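J.: Structure: start04.pdb, PDB, C-alpha atoms.
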ATOM      1  CA  MET A   1      12.576  12.580  -1.813  1.00  0.00           C
ATOM      2  CA  ASN A   2       9.435  13.233   0.209  1.00  0.00           C
ATOM      3  CA  THR A   3      10.495  13.669   3.796  1.00  0.00           C
ATOM      4  CA  ILE A   4       8.264  12.654   6.632  1.00  0.00           C
ATOM      5  CA  PRO A   5       6.136  15.601   7.767  1.00  0.00           C
ATOM      6  CA  SER A   6       6.504  17.330  11.136  1.00  0.00           C
ATOM      7  CA  HIS A   7       9.963  17.731  12.570  1.00  0.00           C
ATOM      8  CA  ARG A   8       9.681  18.108  16.311  1.00  0.00           C
ATOM      9  CA  THR A   9      11.652  16.233  18.927  1.00  0.00           C
ATOM     10  CA  MET A  10      10.754  12.871  20.352  1.00  0.00           C
ATOM     11  CA  SER A  11      11.309  13.511  24.040  1.00  0.00           C
ATOM     12  CA  THR A  12       7.592  13.516  24.843  1.00  0.00           C
ATOM     13  CA  ALA A  13       6.698  10.770  22.408  1.00  0.00           C
ATOM     14  CA  ALA A  14       8.989   8.096  23.763  1.00  0.00           C
ATOM     15  CA  SER A  15       8.794   8.337  27.518  1.00  0.00           C
ATOM     16  CA  PRO A  16       5.535   7.590  29.404  1.00  0.00           C
ATOM     17  CA  SER A  17       3.775   6.172  26.330  1.00  0.00           C
ATOM     18  CA  ALA A  18       6.762   3.999  25.432  1.00  0.00           C
ATOM     19  CA  SER A  19       6.888   2.605  28.943  1.00  0.00           C
ATOM     20  CA  ALA A  20       3.173   1.895  28.839  1.00  0.00           C
ATOM     21  CA  THR A  21       3.544   0.136  25.480  1.00  0.00           C
ATOM     22  CA  THR A  22       6.255  -2.125  26.871  1.00  0.00           C
ATOM     23  CA  LYS A  23       4.136  -3.006  29.898  1.00  0.00           C
ATOM     24  CA  TRP A  24       1.137  -3.835  27.730  1.00  0.00           C
ATOM     25  CA  LYS A  25       3.228  -6.100  25.511  1.00  0.00           C
ATOM     26  CA  LEU A  26       4.592  -7.952  28.526  1.00  0.00           C
ATOM     27  CA  LEU A  27       1.061  -8.303  29.901  1.00  0.00           C
ATOM     28  CA  LEU A  28      -0.072  -9.655  26.540  1.00  0.00           C
ATOM     29  CA  LEU A  29       2.679 -12.267  26.557  1.00  0.00           C
ATOM     30  CA  ALA A  30       1.764 -13.284  30.086  1.00  0.00           C
ATOM     31  CA  ALA A  31      -1.908 -13.488  29.104  1.00  0.00           C
ATOM     32  CA  VAL A  32      -1.078 -15.822  26.228  1.00  0.00           C
ATOM     33  CA  VAL A  33       0.747 -18.235  28.516  1.00  0.00           C
ATOM     34  CA  LEU A  34      -1.950 -18.041  31.211  1.00  0.00           C
ATOM     35  CA  GLY A  35      -4.654 -18.503  28.596  1.00  0.00           C
ATOM     36  CA  LEU A  36      -3.004 -21.670  27.347  1.00  0.00           C
ATOM     37  CA  LEU A  37      -2.687 -22.930  30.884  1.00  0.00           C
ATOM     38  CA  ALA A  38      -6.341 -22.226  31.574  1.00  0.00           C
ATOM     39  CA  ALA A  39      -7.563 -23.743  28.327  1.00  0.00           C
ATOM     40  CA  GLY A  40      -5.620 -26.938  28.945  1.00  0.00           C
ATOM     41  CA  GLN A  41      -6.964 -29.872  26.974  1.00  0.00           C
ATOM     42  CA  LYS A  42      -9.463 -27.729  25.058  1.00  0.00           C
ATOM     43  CA  SER A  43      -6.559 -26.043  23.305  1.00  0.00           C
ATOM     44  CA  ALA A  44      -4.770 -29.321  22.738  1.00  0.00           C
ATOM     45  CA  ALA A  45      -7.190 -30.604  20.108  1.00  0.00           C
ATOM     46  CA  LEU A  46      -7.109 -27.421  18.025  1.00  0.00           C
ATOM     47  CA  LEU A  47      -3.355 -27.045  18.306  1.00  0.00           C
ATOM     48  CA  GLU A  48      -2.831 -30.684  17.402  1.00  0.00           C
ATOM     49  CA  ARG A  49      -4.940 -30.324  14.245  1.00  0.00           C
ATOM     50  CA  LEU A  50      -3.065 -27.198  13.171  1.00  0.00           C
ATOM     51  CA  LEU A  51       0.308 -28.811  13.767  1.00  0.00           C
ATOM     52  CA  GLU A  52      -0.740 -31.954  11.900  1.00  0.00           C
ATOM     53  CA  SER A  53      -1.786 -29.820   8.926  1.00  0.00           C
ATOM     54  CA  VAL A  54       1.598 -28.098   8.810  1.00  0.00           C
ATOM     55  CA  ASN A  55       3.558 -31.310   9.345  1.00  0.00           C
ATOM     56  CA  ALA A  56       1.584 -33.028   6.594  1.00  0.00           C
ATOM     57  CA  LEU A  57       2.995 -30.510   4.120  1.00  0.00           C
ATOM     58  CA  GLY A  58       6.537 -31.664   4.823  1.00  0.00           C
ATOM     59  CA  ALA A  59       9.126 -29.295   3.375  1.00  0.00           C
ATOM     60  CA  TRP A  60       6.327 -27.104   2.020  1.00  0.00           C
ATOM     61  CA  GLY A  61       5.152 -26.265   5.550  1.00  0.00           C
ATOM     62  CA  PRO A  62       7.926 -23.765   6.361  1.00  0.00           C
ATOM     63  CA  LEU A  63       7.693 -22.281   2.848  1.00  0.00           C
ATOM     64  CA  LEU A  64       3.953 -21.728   3.235  1.00  0.00           C
ATOM     65  CA  PHE A  65       4.511 -20.182   6.656  1.00  0.00           C
ATOM     66  CA  ILE A  66       7.163 -17.814   5.297  1.00  0.00           C
ATOM     67  CA  ALA A  67       4.910 -16.753   2.404  1.00  0.00           C
ATOM     68  CA  ILE A  68       1.915 -16.102   4.672  1.00  0.00           C
ATOM     69  CA  TYR A  69       4.031 -14.192   7.193  1.00  0.00           C
ATOM     70  CA  ALA A  70       5.658 -12.025   4.521  1.00  0.00           C
ATOM     71  CA  LEU A  71       2.297 -11.208   2.933  1.00  0.00           C
ATOM     72  CA  ALA A  72       0.794 -10.345   6.313  1.00  0.00           C
ATOM     73  CA  THR A  73       3.666  -7.931   6.944  1.00  0.00           C
ATOM     74  CA  VAL A  74       3.121  -6.153   3.630  1.00  0.00           C
ATOM     75  CA  VAL A  75      -0.594  -5.626   4.335  1.00  0.00           C
ATOM     76  CA  LEU A  76       0.121  -4.334   7.875  1.00  0.00           C
ATOM     77  CA  ILE A  77      -1.071  -7.401   9.802  1.00  0.00           C
ATOM     78  CA  PRO A  78       1.011  -7.901  12.985  1.00  0.00           C
ATOM     79  CA  GLY A  79       2.914 -11.184  12.955  1.00  0.00           C
ATOM     80  CA  SER A  80       2.841 -11.873  16.704  1.00  0.00           C
ATOM     81  CA  LEU A  81       0.356 -14.747  16.488  1.00  0.00           C
ATOM     82  CA  LEU A  82       2.179 -16.255  13.526  1.00  0.00           C
ATOM     83  CA  THR A  83       5.423 -16.116  15.479  1.00  0.00           C
ATOM     84  CA  LEU A  84       3.788 -17.882  18.416  1.00  0.00           C
ATOM     85  CA  PHE A  85       2.478 -20.511  16.012  1.00  0.00           C
ATOM     86  CA  ALA A  86       5.970 -20.993  14.586  1.00  0.00           C
ATOM     87  CA  GLY A  87       7.217 -21.883  18.046  1.00  0.00           C
ATOM     88  CA  ALA A  88       4.433 -24.411  18.551  1.00  0.00           C
ATOM     89  CA  SER A  89       4.773 -25.887  15.085  1.00  0.00           C
ATOM     90  CA  PHE A  90       8.508 -25.916  14.394  1.00  0.00           C
ATOM     91  CA  GLY A  91      10.082 -25.670  17.857  1.00  0.00           C
ATOM     92  CA  LEU A  92      12.466 -23.041  19.198  1.00  0.00           C
ATOM     93  CA  ALA A  93      15.406 -23.475  16.803  1.00  0.00           C
ATOM     94  CA  TRP A  94      13.576 -23.998  13.508  1.00  0.00           C
ATOM     95  CA  GLY A  95      10.732 -21.697  14.505  1.00  0.00           C
ATOM     96  CA  SER A  96      13.185 -18.873  15.165  1.00  0.00           C
ATOM     97  CA  LEU A  97      14.928 -19.503  11.854  1.00  0.00           C
ATOM     98  CA  TRP A  98      11.763 -19.598   9.730  1.00  0.00           C
ATOM     99  CA  THR A  99      10.284 -16.577  11.497  1.00  0.00           C
ATOM    100  CA  SER A 100      13.499 -14.598  11.113  1.00  0.00           C
ATOM    101  CA  ILE A 101      13.533 -15.309   7.381  1.00  0.00           C
ATOM    102  CA  ALA A 102       9.819 -14.531   7.033  1.00  0.00           C
ATOM    103  CA  ALA A 103       9.949 -11.287   9.023  1.00  0.00           C
ATOM    104  CA  THR A 104      13.001 -10.049   7.135  1.00  0.00           C
ATOM    105  CA  LEU A 105      11.455 -10.947   3.782  1.00  0.00           C
ATOM    106  CA  GLY A 106       8.187  -9.241   4.714  1.00  0.00           C
ATOM    107  CA  ALA A 107       9.990  -6.136   5.960  1.00  0.00           C
ATOM    108  CA  THR A 108      11.998  -5.984   2.731  1.00  0.00           C
ATOM    109  CA  LEU A 109       8.924  -6.351   0.513  1.00  0.00           C
ATOM    110  CA  ALA A 110       7.069  -3.666   2.488  1.00  0.00           C
ATOM    111  CA  PHE A 111      10.099  -1.365   2.264  1.00  0.00           C
ATOM    112  CA  LEU A 112      10.320  -1.792  -1.523  1.00  0.00           C
ATOM    113  CA  THR A 113       6.573  -1.321  -1.871  1.00  0.00           C
ATOM    114  CA  GLY A 114       6.679   1.895   0.117  1.00  0.00           C
ATOM    115  CA  ARG A 115       9.690   3.257  -1.728  1.00  0.00           C
ATOM    116  CA  TYR A 116       8.705   2.442  -5.317  1.00  0.00           C
ATOM    117  CA  LEU A 117       5.002   1.556  -5.529  1.00  0.00           C
ATOM    118  CA  ALA A 118       3.080   3.211  -2.711  1.00  0.00           C
ATOM    119  CA  ARG A 119       5.192   6.178  -1.682  1.00  0.00           C
ATOM    120  CA  SER A 120       2.301   8.642  -1.610  1.00  0.00           C
ATOM    121  CA  TRP A 121       0.146   6.299   0.472  1.00  0.00           C
ATOM    122  CA  ALA A 122       2.981   5.624   2.935  1.00  0.00           C
ATOM    123  CA  SER A 123       3.656   9.346   3.313  1.00  0.00           C
ATOM    124  CA  LYS A 124       0.006  10.021   4.151  1.00  0.00           C
ATOM    125  CA  LYS A 125      -0.123   7.065   6.535  1.00  0.00           C
ATOM    126  CA  ILE A 126       2.573   8.474   8.814  1.00  0.00           C
ATOM    127  CA  ALA A 127       1.989  12.186   8.214  1.00  0.00           C
ATOM    128  CA  GLY A 128       2.138  14.221  11.413  1.00  0.00           C
ATOM    129  CA  ASN A 129       3.651  11.427  13.494  1.00  0.00           C
ATOM    130  CA  GLU A 130       6.400  13.004  15.623  1.00  0.00           C
ATOM    131  CA  LYS A 131       8.228   9.726  16.221  1.00  0.00           C
ATOM    132  CA  PHE A 132       8.590   8.981  12.533  1.00  0.00           C
ATOM    133  CA  ALA A 133       9.593  12.578  11.832  1.00  0.00           C
ATOM    134  CA  ALA A 134      12.422  12.164  14.332  1.00  0.00           C
ATOM    135  CA  ILE A 135      13.479   8.942  12.608  1.00  0.00           C
ATOM    136  CA  ASP A 136      13.614  10.676   9.239  1.00  0.00           C
ATOM    137  CA  HIS A 137      16.001  13.250  10.667  1.00  0.00           C
ATOM    138  CA  ALA A 138      18.181  10.731  12.520  1.00  0.00           C
ATOM    139  CA  VAL A 139      18.503   8.250   9.638  1.00  0.00           C
ATOM    140  CA  THR A 140      20.273  10.883   7.564  1.00  0.00           C
ATOM    141  CA  LYS A 141      23.153  10.797  10.061  1.00  0.00           C
ATOM    142  CA  ASP A 142      23.097   7.330  11.606  1.00  0.00           C
ATOM    143  CA  GLY A 143      21.424   5.153   8.947  1.00  0.00           C
ATOM    144  CA  TRP A 144      21.616   1.475   9.880  1.00  0.00           C
ATOM    145  CA  LYS A 145      22.076   2.235  13.602  1.00  0.00           C
ATOM    146  CA  ILE A 146      18.646   3.854  13.764  1.00  0.00           C
ATOM    147  CA  VAL A 147      17.084   0.962  11.857  1.00  0.00           C
ATOM    148  CA  GLY A 148      18.573  -1.565  14.264  1.00  0.00           C
ATOM    149  CA  LEU A 149      17.626   0.383  17.392  1.00  0.00           C
ATOM    150  CA  THR A 150      14.024   0.859  16.297  1.00  0.00           C
ATOM    151  CA  ARG A 151      13.743  -2.875  15.642  1.00  0.00           C
ATOM    152  CA  LEU A 152      14.976  -3.573  19.157  1.00  0.00           C
ATOM    153  CA  SER A 153      12.768  -0.932  20.759  1.00  0.00           C
ATOM    154  CA  PRO A 154       9.053  -1.633  21.433  1.00  0.00           C
ATOM    155  CA  VAL A 155       8.191   2.031  20.830  1.00  0.00           C
ATOM    156  CA  PHE A 156       7.581   1.646  17.095  1.00  0.00           C
ATOM    157  CA  PRO A 157       4.990  -0.608  15.381  1.00  0.00           C
ATOM    158  CA  PHE A 158       6.858  -3.150  13.249  1.00  0.00           C
ATOM    159  CA  THR A 159       4.599  -3.181  10.185  1.00  0.00           C
ATOM    160  CA  LEU A 160       4.236   0.592   9.778  1.00  0.00           C
ATOM    161  CA  LEU A 161       7.928   1.112  10.478  1.00  0.00           C
ATOM    162  CA  ASN A 162       8.775  -0.717   7.250  1.00  0.00           C
ATOM    163  CA  TYR A 163       6.940   1.901   5.215  1.00  0.00           C
ATOM    164  CA  ALA A 164       8.344   4.770   7.287  1.00  0.00           C
ATOM    165  CA  PHE A 165      11.911   3.729   6.451  1.00  0.00           C
ATOM    166  CA  ALA A 166      10.971   3.520   2.783  1.00  0.00           C
ATOM    167  CA  LEU A 167      10.587   7.312   2.833  1.00  0.00           C
ATOM    168  CA  THR A 168      14.052   7.912   4.261  1.00  0.00           C
ATOM    169  CA  LYS A 169      17.484   7.847   2.604  1.00  0.00           C
ATOM    170  CA  VAL A 170      18.607   4.584   4.221  1.00  0.00           C
ATOM    171  CA  SER A 171      19.937   2.096   1.659  1.00  0.00           C
ATOM    172  CA  LEU A 172      18.235  -1.243   1.063  1.00  0.00           C
ATOM    173  CA  LYS A 173      21.365  -3.147   2.151  1.00  0.00           C
ATOM    174  CA  GLU A 174      21.646  -1.308   5.478  1.00  0.00           C
ATOM    175  CA  TYR A 175      17.925  -1.584   6.080  1.00  0.00           C
ATOM    176  CA  VAL A 176      17.725  -5.344   5.495  1.00  0.00           C
ATOM    177  CA  LEU A 177      20.813  -6.230   7.546  1.00  0.00           C
ATOM    178  CA  ALA A 178      19.950  -3.971  10.501  1.00  0.00           C
ATOM    179  CA  SER A 179      16.313  -5.103  10.470  1.00  0.00           C
ATOM    180  CA  TRP A 180      17.269  -8.772  10.482  1.00  0.00           C
ATOM    181  CA  ILE A 181      19.670  -8.396  13.422  1.00  0.00           C
ATOM    182  CA  GLY A 182      17.367  -6.083  15.363  1.00  0.00           C
ATOM    183  CA  MET A 183      14.368  -8.413  15.125  1.00  0.00           C
ATOM    184  CA  ILE A 184      16.190 -11.510  16.442  1.00  0.00           C
ATOM    185  CA  PRO A 185      15.654 -10.985  20.229  1.00  0.00           C
ATOM    186  CA  GLY A 186      11.914 -10.391  19.905  1.00  0.00           C
ATOM    187  CA  THR A 187      11.580 -13.297  17.481  1.00  0.00           C
ATOM    188  CA  ILE A 188      13.253 -15.733  19.869  1.00  0.00           C
ATOM    189  CA  LEU A 189      11.071 -14.577  22.774  1.00  0.00           C
ATOM    190  CA  TYR A 190       7.769 -15.037  20.904  1.00  0.00           C
ATOM    191  CA  VAL A 191       8.864 -18.354  19.417  1.00  0.00           C
ATOM    192  CA  TYR A 192       9.871 -19.569  22.874  1.00  0.00           C
ATOM    193  CA  ILE A 193       6.438 -18.646  24.215  1.00  0.00           C
ATOM    194  CA  GLY A 194       4.831 -20.488  21.314  1.00  0.00           C
ATOM    195  CA  SER A 195       6.836 -23.594  22.091  1.00  0.00           C
ATOM    196  CA  ALA A 196       5.887 -23.158  25.762  1.00  0.00           C
ATOM    197  CA  GLY A 197       2.237 -23.137  24.757  1.00  0.00           C
ATOM    198  CA  LYS A 198       2.661 -26.430  22.970  1.00  0.00           C
ATOM    199  CA  ALA A 199       4.404 -27.882  26.012  1.00  0.00           C
ATOM    200  CA  VAL A 200       1.483 -26.769  28.190  1.00  0.00           C
ATOM    201  CA  VAL A 201      -1.161 -28.552  26.148  1.00  0.00           C
ATOM    202  CA  GLU A 202       1.071 -31.612  25.894  1.00  0.00           C
ATOM    203  CA  SER A 203       2.073 -31.510  29.539  1.00  0.00           C
ATOM    204  CA  GLU A 204       1.133 -35.086  30.409  1.00  0.00           C
ATOM    205  CA  GLY A 205       4.141 -37.087  31.550  1.00  0.00           C
ATOM    206  CA  LYS A 206       6.476 -34.158  32.184  1.00  0.00           C
ATOM    207  CA  SER A 207       8.407 -34.250  35.435  1.00  0.00           C
ATOM    208  CA  THR A 208       8.772 -31.381  37.894  1.00  0.00           C
ATOM    209  CA  GLY A 209      12.422 -31.007  36.895  1.00  0.00           C
ATOM    210  CA  GLN A 210      11.510 -30.654  33.221  1.00  0.00           C
ATOM    211  CA  TRP A 211       8.948 -27.981  34.028  1.00  0.00           C
ATOM    212  CA  LEU A 212      11.469 -26.178  36.221  1.00  0.00           C
ATOM    213  CA  LEU A 213      14.085 -26.086  33.467  1.00  0.00           C
ATOM    214  CA  PHE A 214      11.489 -24.952  30.962  1.00  0.00           C
ATOM    215  CA  GLY A 215      10.314 -22.159  33.268  1.00  0.00           C
ATOM    216  CA  ILE A 216      13.872 -20.996  33.946  1.00  0.00           C
ATOM    217  CA  GLY A 217      14.570 -20.885  30.210  1.00  0.00           C
ATOM    218  CA  LEU A 218      11.439 -18.832  29.544  1.00  0.00           C
ATOM    219  CA  ALA A 219      12.201 -16.427  32.398  1.00  0.00           C
ATOM    220  CA  ALA A 220      15.804 -15.985  31.243  1.00  0.00           C
ATOM    221  CA  THR A 221      14.703 -15.283  27.677  1.00  0.00           C
ATOM    222  CA  LEU A 222      12.169 -12.739  28.897  1.00  0.00           C
ATOM    223  CA  VAL A 223      14.666 -10.954  31.149  1.00  0.00           C
ATOM    224  CA  VAL A 224      17.331 -10.757  28.440  1.00  0.00           C
ATOM    225  CA  THR A 225      14.812  -9.412  25.927  1.00  0.00           C
ATOM    226  CA  ILE A 226      13.604  -6.748  28.360  1.00  0.00           C
ATOM    227  CA  MET A 227      17.180  -5.659  29.074  1.00  0.00           C
ATOM    228  CA  ILE A 228      17.974  -5.417  25.365  1.00  0.00           C
ATOM    229  CA  THR A 229      14.837  -3.425  24.562  1.00  0.00           C
ATOM    230  CA  ARG A 230      15.403  -1.012  27.454  1.00  0.00           C
ATOM    231  CA  ASN A 231      18.986  -0.339  26.425  1.00  0.00           C
ATOM    232  CA  ALA A 232      17.928   0.050  22.802  1.00  0.00           C
ATOM    233  CA  LYS A 233      15.173   2.492  23.756  1.00  0.00           C
ATOM    234  CA  ARG A 234      17.620   4.561  25.808  1.00  0.00           C
ATOM    235  CA  ALA A 235      20.169   4.622  22.983  1.00  0.00           C
ATOM    236  CA  LEU A 236      17.476   5.490  20.473  1.00  0.00           C
ATOM    237  CA  GLN A 237      16.273   8.441  22.529  1.00  0.00           C
ATOM    238  CA  GLU A 238      19.840   9.759  22.621  1.00  0.00           C
ATOM    239  CA  LYS A 239      20.118   9.455  18.843  1.00  0.00           C
ATOM    240  CA  LEU A 240      16.776  11.121  18.195  1.00  0.00           C
TER     241      LEU A 240
END
With the file now loaded, output its structure as structure tokens.

T.:
Amino acid sequence: MNTIPSHRTMSTAASPSASATTKWKLLLLAAVVLGLLAAGQKSAALLERLLESVNALGAWGPLLFIAIYALATVVLIPGSLLTLFAGASFGLAWGSLWTSIAATLGATLAFLTGRYLARSWASKKIAGNEKFAAIDHAVTKDGWKIVGLTRLSPVFPFTLLNYAFALTKVSLKEYVLASWIGMIPGTILYVYIGSAGKAVVESEGKSTGQWLLFGIGLAATLVVTIMITRNAKRALQEKL
């Protein structure tokens, strides 16, 4: 097995920079919501056309979404926008389900590609990265726990992480299960924001009480996700 190069600790790699990454992600999420609010009716027409296109496909709509999402994951395209779209197109419950399936499928395909088809490329891609070197060392002892914690933590890029784990000794079964569970909180948050965006551009006729409940739900989801990611990051630092 080709181990991931460079074997230094992660204490410096996961403190100030990790905190900054989390803040930037939260700012990005806030910008998406504010952008939708500012765009108002201009966004409504485009969103309506996209949603009509998906709905016109019937049962094929979710299947097409899953295929596109999985392919994007394999070729290292972040799925954040697709997850937001899932919330707008399918709603919170179905959007979370389809995205969870798509993200897990994409992560699995990328893992298999990195382990059996593009091992040399994956090794070069993450060569010299201290964070991934620490993961390689920790996975040997704590396997699925490390996979789950990295999925919950915002420190590691989702798409590249799939290929990094392909170079470790973690089993496919542990990888898939831990990845699926670890990605659920972030998936629900992004899908909720996507559904919020749809509600914004279709805001006509909504009462103040409805908006209040919607805002409370979004805030609660955001707070819970932040708490989970912070705890996961702390636990991950202890493991690494």

J.: Excluding range 113-121 of chain A and its own-chain neighbours fewer than 5 positions away, which residues fall within 8 Å of it when counting all atoms listed in the file? Please give them as a list in words.

T.: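 Result of the neighbour search: Asn162, Tyr163, Ala164, Ala166 and Leu167 of chain A.
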
J.: Neighbours of range 56-71 of chain A within 7 Å (only C-alpha atoms; same-chain residues fewer than 3 positions away dropped), as number ranges by chain?

T.: A: 52-53, 74-75, 79, 82, 98, 102-103, 105-106

J.: Rounded to one decimal, what separation in Å do you get between CA of Leu84 in chain A and CA of Val191 in chain A?

T.: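 Answer for the CA of Leu84 in chain A to CA of Val191 in chain A separation: 5.2 Å.
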
J.: Please evaluate the PyMOL selection byres ((chain A and resi 92) around 8) against the structure above and give the resulting residues as a PDB file with C-alpha atoms, in the coordinates of the input.

T.:
ATOM      1  CA  GLY A  87       7.217 -21.883  18.046  1.00  0.00           C
ATOM      2  CA  PHE A  90       8.508 -25.916  14.394  1.00  0.00           C
ATOM      3  CA  GLY A  91      10.082 -25.670  17.857  1.00  0.00           C
ATOM      4  CA  ALA A  93      15.406 -23.475  16.803  1.00  0.00           C
ATOM      5  CA  TRP A  94      13.576 -23.998  13.508  1.00  0.00           C
ATOM      6  CA  GLY A  95      10.732 -21.697  14.505  1.00  0.00           C
ATOM      7  CA  SER A  96      13.185 -18.873  15.165  1.00  0.00           C
ATOM      8  CA  ILE A 188      13.253 -15.733  19.869  1.00  0.00           C
ATOM      9  CA  VAL A 191       8.864 -18.354  19.417  1.00  0.00           C
ATOM     10  CA  TYR A 192       9.871 -19.569  22.874  1.00  0.00           C
ATOM     11  CA  SER A 195       6.836 -23.594  22.091  1.00  0.00           C
TER      12      SER A 195
END

J.: Smallest atom-to-atom distance to Asn55 in chain A: which of A:Thr99, A:Ser89, A:Thr104, A:Thr83, using all atoms listed in the file?

T.: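 The closest residue to Asn55 in chain A is A:Ser89.
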
J.: What is the distance between CA of Ala138 in chain A and CA of Tyr175 in chain A, in Å to one decimal?

T.: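 Distance between the two atoms: 13.9 Å.
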
J.: Distance CA of Ile126 in chain A-CA of Ser179 in chain A, one decimal place?

T.: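 Taking CA of Ile126 in chain A and CA of Ser179 in chain A, their separation equals 19.4 Å.
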
J.: Write out as an mmCIF file with C-alpha atoms, in the frame of the given file the residues lying within 9 Å of Leu177 in chain A, counting only C-alpha atoms and excluding same-chain residues fewer than 3 positions away.

T.:
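Writing the result to result.cif gives the following:
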data_model
loop_
_atom_site.group_PDB
_atom_site.id
_atom_site.type_symbol
_atom_site.label_atom_id
_atom_site.label_comp_id
_atom_site.auth_asym_id
_atom_site.auth_seq_id
_atom_site.Cartn_x
_atom_site.Cartn_y
_atom_site.Cartn_z
ATOM 1 C CA THR A 104 13.001 -10.049 7.135
ATOM 2 C CA TRP A 144 21.616 1.475 9.880
ATOM 3 C CA GLY A 148 18.573 -1.565 14.264
ATOM 4 C CA LEU A 172 18.235 -1.243 1.063
ATOM 5 C CA LYS A 173 21.365 -3.147 2.151
ATOM 6 C CA GLU A 174 21.646 -1.308 5.478
ATOM 7 C CA TRP A 180 17.269 -8.772 10.482
ATOM 8 C CA ILE A 181 19.670 -8.396 13.422
ATOM 9 C CA GLY A 182 17.367 -6.083 15.363
#

J.: For Ala107 in chain A, which residue among A:Leu222, A:Leu76, A:Ala199, A:Leu149 is the nearest when counting all atoms listed in the file?

T.: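 Checking each candidate against Ala107 in chain A, we get A:Leu76 as the closest.
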